[in-house]
Amino acid sequence: MVQRDGTTAPPPLLEVRDLRKTFTSKGIFSSGPTVVAASEVSFQLVKTKAVALVGESGSGKSTIAKMLMRLETPDKGAILLDGEDVLTREPRGASLAYRRRVQMIFQDPFGSLNPVHDVAHHLIRPLLRHKRASRSEARQRAVELLESVDLEPARDFIDRHPFELSGGQRQRVAIARALAVEPDLLVADEPTSMLDVSIRLGVLNLLAGLKERGLAILLITHDLASARYLADRILVLFRGRVVEDGPSEVIVRSPAHPYTKALLSSIANIGDDSVTPKTDSSTAAQGCPFASRCADVFDACTVDPAPREYEGRAVRCHLYPETVG
Ligand SMILES: Nc1ncnc2c1ncn2[C@@H]1O[C@H](COP(=O)(O)OP(=O)(O)O)[C@@H](O)[C@H]1O
Ligand SMILES: [Mg+2]
């Protein structure tokens with residue numbers, strides 16, 4: 001990217017361009033319907049900023065996270081780290097260097113920690129594997145990591161096993177483990193959704209502090225309130241596609257897409273499968289995929305809308321004039 005003064009701006013830490021991932025369920029004799037889990041997904045992640053992916057259950061959030069973690073291979077699109085296409089450079093999976101720089105924390109901290117090992121083990125292992133500390137330094141470094149996630153005094157926690165910790169403490173250990181390798185990017189897939197409401201804010205505050213200290217964060221959530229709290233930019237996903245994308249304040253204060261408006265007005269319902277009609281994405285091939293649930297549906301909606309610029313955000317909806325040029 002060439003700037004006005006002729007110098008070249010550094011590329012974003014991580015950029016995804018036009019990612020697509022489909023899944024085809026396999027029957028015994030034939031393959032079943034194809035689900036488009038993610039399509040035309042593009043965004044950039046930079047140091048000290050957070051981007052939130054928001055959408056109901058099944059909208060493709062975890063699939064996008066898994067593609068970033070290189071646990072799923074996109075059907076199409078590019079993942080660029082420091083401007084270099086990692087899918088071409090490392091076609092057989094993520095290198096150790098990539099995995100060090102891009103770390104993930106999961107929804108269920110109990111599931112992501114090994115019940116037979118103590119906290120020290122969970123922290124020392126990545127330190128040694130990624131050569132971030134020598135054997136003699138590792139325990140002291142583990143203590144510092146626990147302090148950095150506010151598990152203090154660290155000696156009260158370091159020898160405990162996961163079952164001897166509360167849910168919030170376990171998630172903090174999982175975060176400390178991700179930080180052990182000094183990553184540049186943290187992908188957090190619903191990091192607070194299994195925690196008691198009373199301790200969610202503490203974990204979000206911890207993530208906010210990490211962002212200020214230099215990390216880029218991709219927050220995945222079905223909760224627009226958490227997204228607004230932590231993220232600088234919000235991408236609203238509906239059936240694998242970004243239907244609205246803009247600065248958090250713009251999206252939350254003046255949502256444009258009818259789906260974003262619905263998310264904001266029914267926060268309690270989001271993520272609840274019982275209120276989410278499970279329609280096969282392939283059946284909505286022609287018109288706007290949201291049309292069957294949209295209160296503002298009109299003639300134009302029989303055609304799938306392209307994204308357009310509207311008052312500081314991009315929105316995929318015929319209610320707004322198409323961007324010219
Ligand atoms: N491994 C898989 N095999 C088949 N379908 C999948 C697989 N993973 C995800 N899907 C489907 O892709 C869609 C998006 O899923 P997911 O990314 O988990 O959504 P979210 O995290 O937003 O709840 C869903 O319809 C889901 O059933
Ligand atoms: Mg998910």
# chains A, B, ... in the order shown; residues from 1 in each chain; ligands from 1
call {"tool": "residues_near_ligand", "arguments": {"ligand": "ligand 2", "cutoff": "7 Å", "atoms": "only C-alpha atoms and all ligand atoms", "output": "list in words"}}
result
Ser57, Gly58, Lys61, Ser62 and Asp189 of chain A
call {"tool": "write_last_selection", "arguments": {"atoms": "C-alpha atoms", "output": "CSV table (one decimal), in the first residue's frame"}}
result
chain,number,residue,atom,x,y,z
A,57,SER,CA,-25.6,-20.1,16.2
A,58,GLY,CA,-24.7,-21.7,12.9
A,61,LYS,CA,-18.2,-17.9,13.2
A,62,SER,CA,-16.3,-20.9,14.4
A,189,ASP,CA,-14.3,-18.0,20.1
call {"tool": "residues_around", "arguments": {"residues": "region 82-99 of chain A", "least_positions_apart": "5", "cutoff": "7 Å", "atoms": "only C-alpha atoms", "output": "PyMOL selection string"}}
result
chain A and resi 11-14+70
call {"tool": "closest_residue", "arguments": {"among": "A:Thr48, A:Ser59, A:Thr7, A:Thr260", "to": "ligand 1", "atoms": "only C-alpha atoms and all ligand atoms"}}
result
A:Ser59
call {"tool": "closest_atom_pairs", "arguments": {"of": "chain A", "to": "ligand 1", "cutoff": "7 Å", "atoms": "only C-alpha atoms and all ligand atoms", "output": "CSV"}}
result
residue,atom,partner,partner_atom_place_in_ligand_line,distance
A:Phe23,CA,ligand 1,4 (C),4.8
A:Thr24,CA,ligand 1,4 (C),6.3
A:Ser25,CA,ligand 1,4 (C),5.9
A:Val35,CA,ligand 1,25 (O),6.0
A:Val36,CA,ligand 1,12 (O),6.7
A:Ala37,CA,ligand 1,12 (O),4.1
A:Gly55,CA,ligand 1,22 (O),6.2
A:Glu56,CA,ligand 1,22 (O),6.0
A:Ser57,CA,ligand 1,23 (O),3.7
A:Gly58,CA,ligand 1,19 (O),3.5
A:Ser59,CA,ligand 1,22 (O),3.9
A:Gly60,CA,ligand 1,17 (O),3.2
A:Lys61,CA,ligand 1,22 (O),3.8
A:Ser62,CA,ligand 1,21 (O),3.6
A:Thr63,CA,ligand 1,17 (O),3.7
A:Ile64,CA,ligand 1,17 (O),6.5
A:Gly240,CA,ligand 1,14 (C),6.8
call {"tool": "select_by_dssp", "arguments": {"residues": "region 147-272 of chain A", "states": "strand (DSSP E)", "output": "list in words"}}
result
Leu185, Leu186, Val187, Ala188, Asp189, Ala216, Ile217, Leu218, Leu219, Ile220, Thr221, Arg233, Ile234, Leu235, Val236, Leu237, Phe238, Arg241, Val242, Val243, Glu244, Asp245, Gly246 and Pro247 of chain A
call {"tool": "residues_around", "arguments": {"residues": "Ala227 (chain A)", "least_positions_apart": "5", "cutoff": "8 Å", "atoms": "only C-alpha atoms", "output": "PyMOL selection string"}}
result
chain A and resi 52-54+219+221+234+248
call {"tool": "write_last_selection", "arguments": {"atoms": "C-alpha atoms", "output": "tab-separated table (two decimals), in the first residue's frame"}}
result
chain	number	residue	atom	x	y	z
A	52	ALA	CA	-15.80	-8.91	16.44
A	53	LEU	CA	-17.64	-11.50	14.38
A	54	VAL	CA	-21.24	-11.48	15.55
A	219	LEU	CA	-13.59	-11.82	19.17
A	221	THR	CA	-19.57	-13.79	19.99
A	234	ILE	CA	-18.02	-5.35	14.12
A	248	SER	CA	-18.60	-0.77	16.48
call {"tool": "closest_residue", "arguments": {"among": "A:Gln169, A:Ser42, A:Thr22, A:Ser134", "to": "Ala154 (chain A)", "atoms": "only C-alpha atoms"}}
result
A:Gln169
call {"tool": "residues_around", "arguments": {"residues": "Leu204 (chain A)", "least_positions_apart": "5", "cutoff": "12 Å", "atoms": "only C-alpha atoms", "output": "list in words"}}
result
Ala50, Val149, Gly168, Gln171, Arg172, Ile175, Ala188, Glu190, Pro191, Thr192, Ser193, Leu195, Val197, Ser198, Ile199, Gly209, Leu210, Lys211, Ile217, Leu219, Thr221, Ala225, Ser226, Ala227, Arg228, Tyr229, Leu230 and Ala231 of chain A
call {"tool": "residues_around", "arguments": {"residues": "Arg100 (chain A)", "least_positions_apart": "4", "cutoff": "9 Å", "atoms": "only C-alpha atoms", "output": "mmCIF file with N, CA and C atoms, in the first residue's frame"}}
result
data_model
loop_
_atom_site.group_PDB
_atom_site.id
_atom_site.type_symbol
_atom_site.label_atom_id
_atom_site.label_comp_id
_atom_site.auth_asym_id
_atom_site.auth_seq_id
_atom_site.Cartn_x
_atom_site.Cartn_y
_atom_site.Cartn_z
ATOM 1 N N SER A 95 2.767 -23.671 10.038
ATOM 2 C CA SER A 95 4.110 -23.896 10.585
ATOM 3 C C SER A 95 4.085 -23.606 12.081
ATOM 4 N N LEU A 96 5.122 -24.041 12.769
ATOM 5 C CA LEU A 96 5.249 -23.754 14.208
ATOM 6 C C LEU A 96 5.267 -22.241 14.416
ATOM 7 N N HIS A 130 7.925 -23.833 22.254
ATOM 8 C CA HIS A 130 8.193 -22.704 21.358
ATOM 9 C C HIS A 130 9.455 -21.943 21.768
ATOM 10 N N ALA A 178 -2.238 -19.241 26.178
ATOM 11 C CA ALA A 178 -2.135 -18.645 24.840
ATOM 12 C C ALA A 178 -1.060 -17.559 24.823
ATOM 13 N N VAL A 181 3.363 -18.009 24.538
ATOM 14 C CA VAL A 181 4.227 -18.006 23.356
ATOM 15 C C VAL A 181 4.375 -16.607 22.762
ATOM 16 N N GLU A 182 3.859 -15.605 23.468
ATOM 17 C CA GLU A 182 3.939 -14.209 23.019
ATOM 18 C C GLU A 182 3.368 -14.039 21.608
ATOM 19 N N PRO A 183 2.077 -14.340 21.462
ATOM 20 C CA PRO A 183 1.456 -14.258 20.129
ATOM 21 C C PRO A 183 1.229 -12.804 19.715
ATOM 22 N N ASP A 184 0.932 -12.611 18.438
ATOM 23 C CA ASP A 184 0.550 -11.295 17.928
ATOM 24 C C ASP A 184 -0.959 -11.173 17.815
#
call {"tool": "residues_around", "arguments": {"residues": "region 296-303 of chain A", "least_positions_apart": "3", "cutoff": "7 Å", "atoms": "only C-alpha atoms", "output": "CSV table (one decimal) with N, CA and C atoms, in the first residue's frame"}}
result
chain,number,residue,atom,x,y,z
A,286,GLN,N,-31.0,-18.0,-4.7
A,286,GLN,CA,-31.2,-16.8,-5.6
A,286,GLN,C,-31.3,-15.5,-4.9
A,287,GLY,N,-32.4,-15.3,-4.1
A,287,GLY,CA,-32.7,-14.0,-3.5
A,287,GLY,C,-31.8,-13.7,-2.3
A,288,CYS,N,-32.2,-12.7,-1.6
A,288,CYS,CA,-31.5,-12.3,-0.3
A,288,CYS,C,-31.7,-13.4,0.7
A,291,ALA,N,-34.3,-12.8,3.4
A,291,ALA,CA,-35.7,-12.4,3.0
A,291,ALA,C,-36.8,-13.1,3.8
A,318,HIS,N,-31.0,-4.3,0.1
A,318,HIS,CA,-31.6,-3.4,-1.0
A,318,HIS,C,-32.3,-2.2,-0.4
call {"tool": "closest_residue", "arguments": {"among": "A:Gly27, A:Arg170, A:Val187, A:Leu165", "to": "Leu68 (chain A)", "atoms": "only C-alpha atoms"}}
result
A:Val187
call {"tool": "closest_residue", "arguments": {"among": "A:Lys66, A:Pro74, A:Ala138, A:Val173", "to": "Phe110 (chain A)", "atoms": "only C-alpha atoms"}}
result
A:Val173
call {"tool": "closest_residue", "arguments": {"among": "A:Leu235, A:Ile124, A:Met104, A:Val51", "to": "Ala174 (chain A)", "atoms": "only C-alpha atoms"}}
result
A:Met104
